[in-house]
$ cat my_file_24.cif   # mmCIF, C-alpha atoms
data_final
#
loop_
_atom_site.label_atom_id
_atom_site.label_comp_id
_atom_site.auth_asym_id
_atom_site.auth_seq_id
_atom_site.Cartn_x
_atom_site.Cartn_y
_atom_site.Cartn_z
CA ARG L 448 -61.89 40.60 -57.69
CA VAL L 449 -59.12 38.92 -59.68
CA SER L 450 -58.59 35.29 -58.82
CA PHE L 451 -55.08 34.21 -57.81
CA MET L 452 -55.51 31.07 -59.88
CA ASN L 453 -55.55 33.11 -63.08
CA ASN L 454 -52.52 35.07 -62.03
CA GLN L 455 -50.03 32.15 -61.97
CA LYS L 456 -46.76 32.96 -63.75
CA PRO L 457 -45.93 30.84 -66.77
CA GLN L 458 -43.28 28.21 -65.94
CA LYS L 459 -39.74 29.02 -66.99
CA PRO L 460 -38.14 26.56 -69.39
CA THR L 461 -35.68 24.18 -67.65
CA LEU L 462 -32.39 22.82 -68.93
CA SER L 463 -32.44 19.11 -69.44
CA GLY L 464 -29.54 16.98 -68.16
CA GLN L 465 -27.94 16.59 -64.75
CA ARG L 466 -27.54 19.55 -62.39
CA PHE L 467 -24.64 19.77 -60.00
CA LYS L 468 -24.91 21.81 -56.86
CA THR L 469 -21.61 23.03 -55.51
CA ARG L 470 -21.55 22.52 -51.77
CA LYS L 471 -19.83 25.04 -49.55
CA ARG L 472 -17.42 22.49 -48.06
CA ASP L 473 -16.22 21.45 -51.54
CA GLU L 474 -14.94 24.93 -52.22
CA LYS L 475 -11.55 24.43 -50.54
CA GLU L 476 -10.34 27.66 -49.04
CA ARG L 477 -6.70 28.49 -49.43
CA PHE L 478 -4.69 27.64 -46.32
CA ASP L 479 -3.71 31.06 -44.98
CA PRO L 480 -2.40 30.99 -41.40
CA THR L 481 -1.12 34.59 -41.74
CA GLN L 482 -4.61 35.97 -42.17
CA PHE L 483 -5.82 33.82 -39.24
CA GLN L 484 -2.90 35.08 -37.12
CA ASP L 485 -3.75 38.72 -37.90
CA CYS L 486 -7.37 38.19 -36.76
CA ILE L 487 -6.30 36.59 -33.47
CA ILE L 488 -3.56 39.12 -32.73
CA GLN L 489 -5.88 42.02 -33.44
CA GLY L 490 -8.45 40.57 -31.03
CA LEU L 491 -5.80 39.96 -28.34
CA THR L 492 -4.49 43.50 -28.71
CA GLU L 493 -8.01 44.78 -28.06
CA THR L 494 -8.56 42.59 -24.98
CA GLY L 495 -5.19 43.52 -23.47
CA THR L 496 -3.71 41.48 -20.63
CA ASP L 497 -7.03 40.78 -18.89
CA LEU L 498 -7.05 36.98 -19.19
CA GLU L 499 -10.78 36.74 -18.43
CA ALA L 500 -11.41 38.93 -21.49
CA VAL L 501 -8.90 36.85 -23.50
CA ALA L 502 -10.81 33.64 -22.67
CA LYS L 503 -14.11 35.27 -23.70
CA PHE L 504 -12.63 36.56 -26.97
CA LEU L 505 -11.23 33.09 -27.84
CA ASP L 506 -14.56 31.46 -26.99
CA ALA L 507 -16.49 33.83 -29.30
CA SER L 508 -13.91 33.70 -32.13
CA GLY L 509 -14.21 29.92 -32.43
CA ALA L 510 -17.62 30.44 -34.05
CA LYS L 511 -16.15 32.66 -36.78
CA LEU L 512 -12.58 31.43 -37.26
CA ASP L 513 -11.49 27.95 -38.32
CA TYR L 514 -9.78 26.70 -35.14
CA ARG L 515 -9.74 23.15 -36.44
CA ARG L 516 -7.54 24.08 -39.40
CA TYR L 517 -5.35 26.62 -37.65
CA ALA L 518 -4.93 24.96 -34.24
CA GLU L 519 -1.11 25.06 -34.43
CA THR L 520 -1.10 28.78 -35.31
CA LEU L 521 -3.59 29.53 -32.52
CA PHE L 522 -1.48 27.78 -29.87
CA ASP L 523 1.80 29.24 -31.20
CA ILE L 524 0.31 32.72 -30.70
CA LEU L 525 -1.03 32.01 -27.21
CA VAL L 526 2.31 30.58 -26.05
CA ALA L 527 4.94 32.53 -28.02
CA GLY L 528 3.08 35.58 -29.34
CA GLY L 529 3.18 34.60 -33.01
CA MET L 530 3.81 31.80 -35.48
CA LEU L 531 6.95 29.81 -34.71
CA ALA L 532 9.47 28.86 -37.36
CA PRO L 533 11.11 25.41 -37.11
CA GLY L 534 13.47 25.37 -34.13
CA GLY L 535 11.30 27.68 -32.06
CA THR L 536 12.16 31.15 -33.33
CA LEU L 537 9.54 33.77 -34.15
CA ALA L 538 9.54 34.88 -37.78
CA ASP L 539 10.86 38.46 -37.89
CA ASP L 540 8.42 39.82 -40.44
CA MET L 541 5.37 38.53 -38.57
CA THR L 542 3.08 40.62 -36.40
CA ARG L 543 3.22 39.50 -32.80
CA THR L 544 1.40 40.04 -29.52
CA ASN L 545 2.54 40.44 -25.93
CA VAL L 546 -0.63 38.74 -24.70
CA CYS L 547 1.06 35.33 -24.49
CA VAL L 548 2.77 32.97 -22.04
CA PHE L 549 6.32 33.94 -23.05
CA ALA L 550 5.70 37.67 -22.48
CA ALA L 551 3.94 37.15 -19.14
CA GLN L 552 5.41 37.35 -15.64
CA GLU L 553 7.48 34.34 -14.56
CA ASP L 554 5.49 33.20 -11.56
CA LEU L 555 3.16 30.36 -10.65
CA GLU L 556 0.08 32.54 -10.19
CA THR L 557 0.32 34.01 -13.70
CA MET L 558 0.85 30.57 -15.21
CA GLN L 559 -2.20 29.25 -13.32
CA ALA L 560 -4.25 32.06 -14.88
CA PHE L 561 -2.94 31.15 -18.35
CA ALA L 562 -3.72 27.48 -17.70
CA GLN L 563 -7.35 28.54 -17.15
CA VAL L 564 -7.39 30.17 -20.60
CA PHE L 565 -6.26 26.89 -22.23
CA ASN L 566 -8.67 24.85 -20.08
CA LYS L 567 -11.70 26.94 -21.05
CA LEU L 568 -10.75 26.96 -24.71
CA ILE L 569 -10.28 23.18 -24.91
CA ARG L 570 -13.40 22.44 -22.86
CA ARG L 571 -15.39 24.65 -25.26
CA TYR L 572 -13.81 23.23 -28.44
CA LYS L 573 -13.13 19.58 -27.61
CA TYR L 574 -11.57 18.92 -31.02
CA LEU L 575 -8.59 21.11 -30.03
CA GLU L 576 -7.43 18.51 -27.47
CA LYS L 577 -5.27 16.52 -29.90
CA GLY L 578 -3.89 19.67 -31.57
CA PHE L 579 -2.89 21.05 -28.19
CA GLU L 580 -1.03 17.87 -27.21
CA ASP L 581 0.82 17.93 -30.55
CA GLU L 582 1.66 21.59 -29.95
CA VAL L 583 3.14 20.94 -26.50
CA LYS L 584 5.19 17.98 -27.83
CA LYS L 585 6.54 20.31 -30.53
CA LEU L 586 7.29 23.13 -28.06
CA LEU L 587 9.27 20.70 -25.88
CA LEU L 588 11.40 19.72 -28.88
CA PHE L 589 12.01 23.47 -29.53
CA LEU L 590 13.22 24.16 -25.95
CA LYS L 591 16.75 25.08 -27.03
CA GLY L 592 15.29 27.87 -29.20
CA PHE L 593 13.70 29.58 -26.18
CA SER L 594 15.27 31.71 -23.48
CA GLU L 595 15.68 30.31 -19.96
CA SER L 596 12.80 32.44 -18.69
CA GLU L 597 10.53 31.26 -21.54
CA ARG L 598 11.44 27.65 -20.75
CA ASN L 599 10.66 28.18 -17.06
CA LYS L 600 7.22 29.62 -17.86
CA LEU L 601 6.44 26.80 -20.28
CA ALA L 602 7.56 24.22 -17.66
CA MET L 603 5.32 25.72 -14.96
CA LEU L 604 2.35 25.90 -17.35
CA THR L 605 2.88 22.30 -18.53
CA GLY L 606 3.05 21.05 -14.92
CA ILE L 607 -0.26 22.77 -14.09
CA LEU L 608 -1.95 21.40 -17.24
CA LEU L 609 -0.70 17.88 -16.44
CA ALA L 610 -2.09 18.22 -12.91
CA ASN L 611 -5.58 19.25 -14.05
CA GLY L 612 -5.76 16.63 -16.79
CA THR L 613 -5.75 18.98 -19.79
CA LEU L 614 -2.54 17.26 -20.93
CA ASN L 615 -1.56 13.60 -20.88
CA ALA L 616 1.81 12.60 -19.39
CA SER L 617 2.79 10.97 -22.72
CA ILE L 618 3.87 14.45 -23.93
CA LEU L 619 6.95 14.03 -21.69
CA ASN L 620 8.38 11.67 -24.31
CA SER L 621 9.64 14.78 -26.13
CA LEU L 622 12.00 15.47 -23.21
CA TYR L 623 13.93 12.28 -24.01
CA ASN L 624 15.24 13.89 -27.18
CA GLU L 625 18.96 13.11 -27.34
CA ASN L 626 20.16 16.72 -27.84
CA LEU L 627 17.97 18.12 -25.04
CA VAL L 628 19.17 15.40 -22.65
CA LYS L 629 22.84 15.81 -23.59
CA GLU L 630 22.82 19.57 -22.97
CA GLY L 631 21.01 19.29 -19.63
CA VAL L 632 17.93 21.14 -20.93
CA SER L 633 15.57 18.21 -20.22
CA ALA L 634 16.57 17.80 -16.57
CA ALA L 635 16.42 21.55 -15.84
CA PHE L 636 13.00 21.79 -17.51
CA ALA L 637 11.76 18.72 -15.59
CA VAL L 638 12.62 20.38 -12.25
CA LYS L 639 10.29 23.34 -12.90
CA LEU L 640 7.64 21.11 -14.43
CA PHE L 641 7.51 18.62 -11.54
CA LYS L 642 7.57 21.42 -8.97
CA SER L 643 4.41 22.99 -10.37
CA TRP L 644 2.78 19.58 -10.98
CA ILE L 645 3.39 18.41 -7.39
CA ASN L 646 2.35 21.84 -6.09
CA GLU L 647 -1.06 21.42 -7.81
CA LYS L 648 -1.54 17.77 -6.77
CA ASP L 649 0.92 15.55 -4.87
CA ILE L 650 3.58 12.93 -5.65
CA ASN L 651 1.00 10.09 -5.55
CA ALA L 652 -1.15 11.70 -8.25
CA VAL L 653 1.98 12.32 -10.33
CA ALA L 654 2.99 8.65 -9.90
CA VAL L 655 -0.44 7.46 -11.10
CA SER L 656 -0.24 9.63 -14.24
CA LEU L 657 3.30 8.43 -15.02
CA ARG L 658 2.33 4.78 -14.50
CA LYS L 659 -0.61 5.08 -16.92
CA VAL L 660 1.76 5.95 -19.77
CA ASN L 661 4.56 3.55 -18.67
CA MET L 662 6.85 6.42 -17.76
CA ASP L 663 7.26 5.59 -14.07
CA ASN L 664 10.54 3.75 -14.76
CA ARG L 665 11.94 6.14 -17.36
CA LEU L 666 12.68 9.30 -15.40
CA MET L 667 16.40 8.57 -15.19
CA GLU L 668 16.53 8.91 -18.98
CA LEU L 669 16.34 12.69 -18.43
CA PHE L 670 20.12 12.35 -17.95
CA PRO L 671 22.79 11.10 -20.37
CA ALA L 672 23.63 7.36 -20.16
CA ASN L 673 26.75 7.92 -18.02
CA LYS L 674 24.67 9.75 -15.38
CA GLN L 675 21.66 7.42 -15.26
CA SER L 676 22.02 6.27 -11.67
CA VAL L 677 19.67 6.59 -8.70
CA GLU L 678 22.44 8.43 -6.83
CA HIS L 679 22.85 11.09 -9.52
CA PHE L 680 19.09 11.51 -10.01
CA SER L 681 18.51 11.73 -6.27
CA LYS L 682 21.26 14.31 -5.70
CA TYR L 683 20.13 16.51 -8.64
CA PHE L 684 16.44 16.61 -7.76
CA THR L 685 16.93 16.76 -3.97
CA GLU L 686 19.21 19.78 -4.36
CA ALA L 687 16.54 21.37 -6.58
CA GLY L 688 14.00 20.93 -3.74
CA LEU L 689 12.24 17.83 -5.08
CA LYS L 690 13.06 15.27 -2.41
CA GLU L 691 9.72 13.47 -2.90
CA LEU L 692 10.54 12.85 -6.59
CA SER L 693 13.98 11.50 -5.65
CA GLU L 694 12.42 9.11 -3.13
CA TYR L 695 9.79 8.04 -5.68
CA VAL L 696 12.48 7.13 -8.25
CA ARG L 697 14.54 5.33 -5.60
CA ASN L 698 11.46 3.33 -4.65
CA GLN L 699 10.66 2.53 -8.31
CA GLN L 700 14.20 1.32 -8.80
CA SER L 701 13.89 -0.89 -5.74
CA ILE L 702 10.58 -2.37 -6.99
CA GLY L 703 12.25 -3.08 -10.34
CA ALA L 704 15.21 -4.77 -8.63
CA ARG L 705 12.86 -6.92 -6.50
CA LYS L 706 10.88 -8.05 -9.56
CA GLU L 707 14.12 -8.88 -11.35
CA LEU L 708 15.36 -10.84 -8.32
CA GLN L 709 12.15 -12.89 -8.15
CA LYS L 710 12.26 -13.66 -11.88
CA GLU L 711 15.91 -14.78 -11.72
CA LEU L 712 15.26 -16.84 -8.56
CA GLN L 713 12.44 -18.75 -10.20
CA GLU L 714 14.64 -19.50 -13.21
CA GLN L 715 17.47 -20.74 -10.97
CA MET L 716 15.05 -22.96 -9.04
CA SER L 717 13.50 -24.45 -12.18
CA ARG L 718 17.01 -25.21 -13.49
CA GLY L 719 17.82 -26.87 -10.16
CA ASP L 720 20.88 -24.69 -9.46
CA PRO L 721 22.77 -25.59 -6.24
CA PHE L 722 21.53 -23.68 -3.17
CA LYS L 723 25.00 -22.30 -2.44
CA ASP L 724 24.99 -20.56 -5.87
CA ILE L 725 21.47 -19.21 -5.37
CA ILE L 726 22.35 -17.92 -1.86
CA LEU L 727 25.47 -16.20 -3.20
CA TYR L 728 23.51 -14.54 -6.03
CA VAL L 729 20.74 -13.34 -3.67
CA LYS L 730 23.23 -11.90 -1.16
CA GLU L 731 24.99 -9.96 -3.94
CA GLU L 732 21.65 -8.54 -5.15
CA MET L 733 20.69 -7.57 -1.58
CA LYS L 734 23.92 -5.62 -1.22
CA LYS L 735 23.81 -4.05 -4.67
CA ASN L 736 20.17 -2.89 -4.47
CA ASN L 737 19.93 -2.33 -0.72
CA ILE L 738 17.18 -4.98 -0.28
CA SER L 739 16.38 -6.06 3.29
CA GLU L 740 16.42 -9.66 4.53
CA GLN L 741 12.68 -9.41 5.32
CA THR L 742 11.95 -8.47 1.69
CA VAL L 743 14.16 -11.30 0.42
CA VAL L 744 12.56 -13.98 2.60
CA ALA L 745 9.12 -12.95 1.28
CA ILE L 746 10.42 -13.16 -2.32
CA ILE L 747 11.97 -16.60 -1.72
CA TRP L 748 8.75 -17.89 -0.13
CA SER L 749 6.57 -16.81 -3.06
CA SER L 750 9.15 -18.13 -5.57
CA VAL L 751 9.31 -21.51 -3.80
CA MET L 752 5.50 -21.77 -3.72
CA SER L 753 5.07 -20.80 -7.38
CA THR L 754 7.34 -23.54 -8.76
CA VAL L 755 4.80 -26.32 -8.04
CA GLU L 756 1.48 -27.44 -9.49
CA TRP L 757 -0.40 -28.00 -6.20
CA ASN L 758 -2.83 -30.87 -5.66
CA LYS L 759 -6.45 -29.71 -5.42
CA LYS L 760 -7.26 -32.23 -2.67
CA GLU L 761 -6.87 -30.87 0.84
CA GLU L 762 -5.74 -34.18 2.35
CA LEU L 763 -2.96 -34.58 -0.26
CA VAL L 764 -1.73 -31.01 -0.54
CA ALA L 765 -0.33 -30.86 3.03
CA GLU L 766 1.82 -33.92 2.37
CA GLN L 767 2.97 -32.47 -0.97
CA ALA L 768 3.78 -29.10 0.66
CA ILE L 769 5.84 -30.65 3.48
CA LYS L 770 7.89 -32.69 1.01
CA HIS L 771 8.48 -29.64 -1.23
CA LEU L 772 9.28 -27.20 1.61
CA LYS L 773 11.62 -29.65 3.35
CA GLN L 774 13.74 -29.58 0.23
CA TYR L 775 13.90 -25.75 0.22
CA SER L 776 14.40 -25.29 3.98
CA PRO L 777 18.19 -24.66 3.70
CA LEU L 778 17.53 -21.81 1.25
CA LEU L 779 14.96 -20.17 3.56
CA ALA L 780 17.18 -20.74 6.61
CA ALA L 781 19.96 -18.71 4.97
CA PHE L 782 17.71 -15.62 5.02
CA THR L 783 16.03 -15.91 8.42
CA THR L 784 18.98 -14.77 10.52
CA GLN L 785 16.87 -12.08 12.26
CA GLY L 786 13.72 -12.41 14.35
CA GLN L 787 11.96 -9.90 12.11
CA SER L 788 12.68 -12.02 9.01
CA GLU L 789 11.24 -15.10 10.75
CA LEU L 790 8.11 -13.15 11.64
CA THR L 791 7.82 -11.94 8.02
CA LEU L 792 7.99 -15.56 6.86
CA LEU L 793 5.30 -16.62 9.38
CA LEU L 794 2.98 -13.88 8.13
CA LYS L 795 3.62 -14.90 4.52
CA ILE L 796 2.77 -18.53 5.36
CA GLN L 797 -0.42 -17.40 7.12
CA GLU L 798 -1.42 -15.24 4.16
CA TYR L 799 -0.71 -18.02 1.67
CA CYS L 800 -2.65 -20.67 3.61
CA TYR L 801 -5.61 -18.30 3.93
CA ASP L 802 -5.61 -17.22 0.27
CA ASN L 803 -5.28 -20.81 -0.99
CA ILE L 804 -8.18 -22.63 0.61
CA HIS L 805 -6.64 -26.14 0.21
CA PHE L 806 -3.81 -25.04 2.52
CA MET L 807 -6.01 -24.00 5.46
CA LYS L 808 -5.24 -27.19 7.41
CA ALA L 809 -1.55 -27.25 6.45
CA PHE L 810 -0.45 -24.14 8.35
CA GLN L 811 0.63 -25.81 11.61
CA LYS L 812 2.45 -28.62 9.75
CA ILE L 813 4.48 -26.07 7.73
CA VAL L 814 5.42 -24.11 10.87
CA VAL L 815 6.50 -27.29 12.72
CA LEU L 816 8.56 -28.40 9.70
CA PHE L 817 10.37 -25.03 9.62
CA TYR L 818 10.92 -25.21 13.38
CA LYS L 819 12.57 -28.61 13.01
CA ALA L 820 14.62 -27.40 10.06
CA GLU L 821 15.79 -24.35 12.07
CA VAL L 822 14.19 -21.87 9.69
CA LEU L 823 11.95 -20.62 12.52
CA SER L 824 12.73 -20.36 16.24
CA GLU L 825 10.60 -20.27 19.41
CA GLU L 826 10.51 -16.54 20.05
CA PRO L 827 9.04 -15.34 16.70
CA ILE L 828 6.49 -18.19 16.77
CA LEU L 829 5.35 -17.19 20.28
CA LYS L 830 5.26 -13.53 19.27
CA TRP L 831 3.20 -14.38 16.16
CA TYR L 832 0.79 -16.40 18.35
CA LYS L 833 0.45 -13.72 21.01
CA ASP L 834 -0.09 -10.52 19.02
CA ALA L 835 1.75 -10.36 15.69
CA HIS L 836 -0.57 -12.51 13.55
CA LEU L 837 -2.77 -11.22 10.73
CA ALA L 838 -6.56 -11.12 10.95
CA LYS L 839 -6.83 -13.47 7.94
CA GLY L 840 -8.12 -16.81 9.22
CA LYS L 841 -6.72 -16.04 12.65
CA SER L 842 -9.16 -18.16 14.67
CA VAL L 843 -8.46 -21.25 12.53
CA PHE L 844 -4.67 -20.85 12.63
CA LEU L 845 -4.45 -19.98 16.34
CA GLU L 846 -6.51 -23.05 17.14
CA GLN L 847 -4.18 -25.20 15.00
CA MET L 848 -1.12 -23.80 16.77
CA LYS L 849 -2.48 -23.96 20.33
CA LYS L 850 -0.98 -27.32 21.39
CA PHE L 851 2.33 -26.68 19.67
CA VAL L 852 2.66 -23.27 21.31
CA GLU L 853 1.88 -24.78 24.72
CA TRP L 854 4.51 -27.41 24.07
CA LEU L 855 7.03 -24.68 23.15
CA LYS L 856 6.29 -22.78 26.36
CA ASN L 857 6.44 -25.80 28.63
CA ALA L 858 9.03 -28.16 27.20
CA GLU L 859 12.35 -26.73 28.36
CA GLU L 860 14.25 -29.35 26.43
CA GLY L 861 12.39 -28.26 23.27
CA LYS L 862 14.71 -25.27 23.10
CA GLN L 863 17.61 -27.58 22.36
CA GLN L 864 15.92 -30.39 20.49
CA LEU L 865 12.43 -31.09 19.28
CA GLY L 866 11.34 -34.63 20.05
CA SER L 867 7.86 -35.27 18.73
CA PRO L 868 5.63 -32.24 19.27
CA VAL L 869 2.02 -32.76 20.22
CA ARG L 870 -0.10 -32.54 17.10
#

$ encode --input "my_file_24.cif" --output "structure tokens"
Amino acid sequence: RVSFMNNQKPQKPTLSGQRFKTRKRDEKERFDPTQFQDCIIQGLTETGTDLEAVAKFLDASGAKLDYRRYAETLFDILVAGGMLAPGGTLADDMTRTNVCVFAAQEDLETMQAFAQVFNKLIRRYKYLEKGFEDEVKKLLLFLKGFSESERNKLAMLTGILLANGTLNASILNSLYNENLVKEGVSAAFAVKLFKSWINEKDINAVAVSLRKVNMDNRLMELFPANKQSVEHFSKYFTEAGLKELSEYVRNQQSIGARKELQKELQEQMSRGDPFKDIILYVKEEMKKNNISEQTVVAIIWSSVMSTVEWNKKEELVAEQAIKHLKQYSPLLAAFTTQGQSELTLLLKIQEYCYDNIHFMKAFQKIVVLFYKAEVLSEEPILKWYKDAHLAKGKSVFLEQMKKFVEWLKNAEEGKQQLGSPVR
């Protein structure tokens, strides 16, 4: 038997010096989106319009085709049927497919089915997320190059994808493009988009998404500067069947106006502007922005309380508060002309004294001060005591107010003039 040991082949001579191994990834392939497009279109032609089969084909093809490199081409095909030239037109000499969003039926159900195709694809190939967002931003800038029906389908699809979280609301920035806004394309597109978005979720979910990307106060920019009013926005979207969006924008505008009012008030107070000027300014803002007296009295209260560095000692803070509030009583009195406004102020005082522990014992003193200064009257105080108070610290505050409330009920002359209330 021949031994294997004796059968070893003689070693081949080796070249001295350094050897370089060419790695696969260093051999840069030529960028050829046309060849990629042909592969995808051929596959789509074979699957036909069965979107389940389309999703399966795209899933399998990701293992063979370079989706990372050709993401834009892939999404162009799925939306428009082929590669898009700048401006949004399809190149004439290119092969194209009818298995795409633009060639599909213009209804919500079909667009929901297409949204599933994109969802599955992006869930499977996570790296396509960024490419898809870039694609949608680009498509929105190309809107003028598409037909009205194509725009409608894209708007419905985008709304659905925003609702299910595949897209981020920051893509809406593209709609603020000057030319799209000027020609009314942005507003018309937004109608279809918000309809399908709200249909999938609700206005509250939409509001949360918009707030996350600081777009909750920018919706009026869908219109040219001369039409950026709440009235115009409200009329346009209400007539289009989106009353909830109109109300949302009206509410946002009101929140903005209230914040602005508070900021300006605090500045006027710190400058020491005369009360008559402050009252005039506030009344104009109330009229202009349709702000109620109850809202205003709450804003004035928090503005007045935020202008002071309060003492941390409980026994000293009450004295400091009375001195400070006495000074601002005329300002508060100007905006407590209704019982409801007085009650609002009482609740705000209760809330403040509860939230700021040093003020717990000061509640009754503040109420008595405001009664003397004619900021508060008997009826709202009695109503607050009986059943309109908050739960916050209620036992402490009701106990504090007990004697004063009894005095209010019993002392007939107290309705004209307060002598010295029982403390």

$ residues_near_point --input "my_file_24.cif" --point "(18.9, 20.0, -11.5)" --cutoff "12 Å" --atoms "all atoms listed in the file" --output "compact mmCIF listing (two decimals) with C-alpha atoms, in the coordinates of the input"
# COMPACT_ATOMS: atom_id res chain seq x y z
CA GLY L 631 21.01 19.29 -19.63
CA VAL L 632 17.93 21.14 -20.93
CA SER L 633 15.57 18.21 -20.22
CA ALA L 634 16.57 17.80 -16.57
CA ALA L 635 16.42 21.55 -15.84
CA PHE L 636 13.00 21.79 -17.51
CA ALA L 637 11.76 18.72 -15.59
CA VAL L 638 12.62 20.38 -12.25
CA LYS L 639 10.29 23.34 -12.90
CA LEU L 640 7.64 21.11 -14.43
CA PHE L 641 7.51 18.62 -11.54
CA LYS L 642 7.57 21.42 -8.97
CA LEU L 669 16.34 12.69 -18.43
CA PHE L 670 20.12 12.35 -17.95
CA HIS L 679 22.85 11.09 -9.52
CA PHE L 680 19.09 11.51 -10.01
CA SER L 681 18.51 11.73 -6.27
CA LYS L 682 21.26 14.31 -5.70
CA TYR L 683 20.13 16.51 -8.64
CA PHE L 684 16.44 16.61 -7.76
CA THR L 685 16.93 16.76 -3.97
CA GLU L 686 19.21 19.78 -4.36
CA ALA L 687 16.54 21.37 -6.58
CA GLY L 688 14.00 20.93 -3.74
CA LEU L 689 12.24 17.83 -5.08
CA LYS L 690 13.06 15.27 -2.41
CA SER L 693 13.98 11.50 -5.65

$ resolve_selection --input "my_file_24.cif" --expression "the PyMOL selection byres ((chain L and resi 789) around 12)" --output "NGL selection string"
:L and (740-745 or 748 or 779-788 or 790-796 or 814 or 817-818 or 821-831 or 835)

$ resolve_selection --input "my_file_24.cif" --expression "the PyMOL selection byres ((chain L and resi 537) around 12)" --output "list in words"
Thr520, Asp523, Ile524, Val526, Ala527, Gly528, Gly529, Met530, Leu531, Ala532, Pro533, Gly534, Gly535, Thr536, Ala538, Asp539, Asp540, Met541, Thr542, Arg543, Thr544, Phe549, Phe589, Gly592 and Phe593 of chain L

$ atom_distance --input "my_file_24.cif" --atom1 "CA of Gly578 (chain L)" --atom2 "CA of Phe522 (chain L)"
8.6 Å

$ axis_aligned_box --input "my_file_24.cif" --around "region 642-650 of chain L" --padding-each-side "5 Å" --output "JSON"
{"center_x": 3.0, "center_y": 18.0, "center_z": -7.9, "size_x": 19.1, "size_y": 20.1, "size_z": 16.1}

$ residues_around --input "my_file_24.cif" --residues "Glu499 (chain L)" --least-positions-apart "5" --cutoff "10 Å" --atoms "only C-alpha atoms" --output "list in words"
Thr494, Phe504, Ala560, Phe561, Gln563 and Val564 of chain L

$ write_last_selection --input "my_file_24.cif" --atoms "C-alpha atoms" --output "JSON list (two decimals), in the coordinates of the input"
[["chain", "number", "residue", "atom", "x", "y", "z"],
["L", 494, "THR", "CA", -8.56, 42.59, -24.98],
["L", 504, "PHE", "CA", -12.63, 36.56, -26.97],
["L", 560, "ALA", "CA", -4.25, 32.06, -14.88],
["L", 561, "PHE", "CA", -2.94, 31.15, -18.35],
["L", 563, "GLN", "CA", -7.35, 28.54, -17.15],
["L", 564, "VAL", "CA", -7.39, 30.17, -20.60]]

$ residues_around --input "my_file_24.cif" --residues "Met752 (chain L)" --least-positions-apart "2" --cutoff "12 Å" --atoms "only C-alpha atoms" --output "PyMOL selection string"
chain L and resi 709+712-713+716-717+745-750+754-757+767-769+771-772+775+795-796+799-800+803+806

$ write_last_selection --input "my_file_24.cif" --atoms "C-alpha atoms" --output "PDB file, keeping the file's coordinate frame"
ATOM      1  CA  GLN L 709      12.150 -12.890  -8.150  1.00  0.00           C
ATOM      2  CA  LEU L 712      15.260 -16.840  -8.560  1.00  0.00           C
ATOM      3  CA  GLN L 713      12.440 -18.750 -10.200  1.00  0.00           C
ATOM      4  CA  MET L 716      15.050 -22.960  -9.040  1.00  0.00           C
ATOM      5  CA  SER L 717      13.500 -24.450 -12.180  1.00  0.00           C
ATOM      6  CA  ALA L 745       9.120 -12.950   1.280  1.00  0.00           C
ATOM      7  CA  ILE L 746      10.420 -13.160  -2.320  1.00  0.00           C
ATOM      8  CA  ILE L 747      11.970 -16.600  -1.720  1.00  0.00           C
ATOM      9  CA  TRP L 748       8.750 -17.890  -0.130  1.00  0.00           C
ATOM     10  CA  SER L 749       6.570 -16.810  -3.060  1.00  0.00           C
ATOM     11  CA  SER L 750       9.150 -18.130  -5.570  1.00  0.00           C
ATOM     12  CA  THR L 754       7.340 -23.540  -8.760  1.00  0.00           C
ATOM     13  CA  VAL L 755       4.800 -26.320  -8.040  1.00  0.00           C
ATOM     14  CA  GLU L 756       1.480 -27.440  -9.490  1.00  0.00           C
ATOM     15  CA  TRP L 757      -0.400 -28.000  -6.200  1.00  0.00           C
ATOM     16  CA  GLN L 767       2.970 -32.470  -0.970  1.00  0.00           C
ATOM     17  CA  ALA L 768       3.780 -29.100   0.660  1.00  0.00           C
ATOM     18  CA  ILE L 769       5.840 -30.650   3.480  1.00  0.00           C
ATOM     19  CA  HIS L 771       8.480 -29.640  -1.230  1.00  0.00           C
ATOM     20  CA  LEU L 772       9.280 -27.200   1.610  1.00  0.00           C
ATOM     21  CA  TYR L 775      13.900 -25.750   0.220  1.00  0.00           C
ATOM     22  CA  LYS L 795       3.620 -14.900   4.520  1.00  0.00           C
ATOM     23  CA  ILE L 796       2.770 -18.530   5.360  1.00  0.00           C
ATOM     24  CA  TYR L 799      -0.710 -18.020   1.670  1.00  0.00           C
ATOM     25  CA  CYS L 800      -2.650 -20.670   3.610  1.00  0.00           C
ATOM     26  CA  ASN L 803      -5.280 -20.810  -0.990  1.00  0.00           C
ATOM     27  CA  PHE L 806      -3.810 -25.040   2.520  1.00  0.00           C
TER      28      PHE L 806
END

$ atom_distance --input "my_file_24.cif" --atom1 "CA of Glu691 (chain L)" --atom2 "CA of Asp649 (chain L)"
9.3 Å

$ atom_distance --input "my_file_24.cif" --atom1 "CA of Val764 (chain L)" --atom2 "CA of Met807 (chain L)"
10.2 Å

$ resolve_selection --input "my_file_24.cif" --expression "the PyMOL selection byres ((chain L and resi 617-627) around 9)" --output "MDAnalysis selection string"
chainID L and resid 580:581 583:588 590:591 614:616 628:634 636:637 657 659:662 668:671

$ residues_around --input "my_file_24.cif" --residues "Gln700 (chain L)" --least-positions-apart "3" --cutoff "9 Å" --atoms "only C-alpha atoms" --output "PyMOL selection string"
chain L and resi 664+677+695-697+703-705+736

$ closest_residue --input "my_file_24.cif" --among "L:Asn646, L:Asn651, L:Leu608, L:Leu708" --to "Lys730 (chain L)" --atoms "only C-alpha atoms"
L:Leu708

$ closest_residue --input "my_file_24.cif" --among "L:Tyr832, L:Arg515, L:Arg718, L:Ser753" --to "Lys856 (chain L)" --atoms "all atoms listed in the file"
L:Tyr832
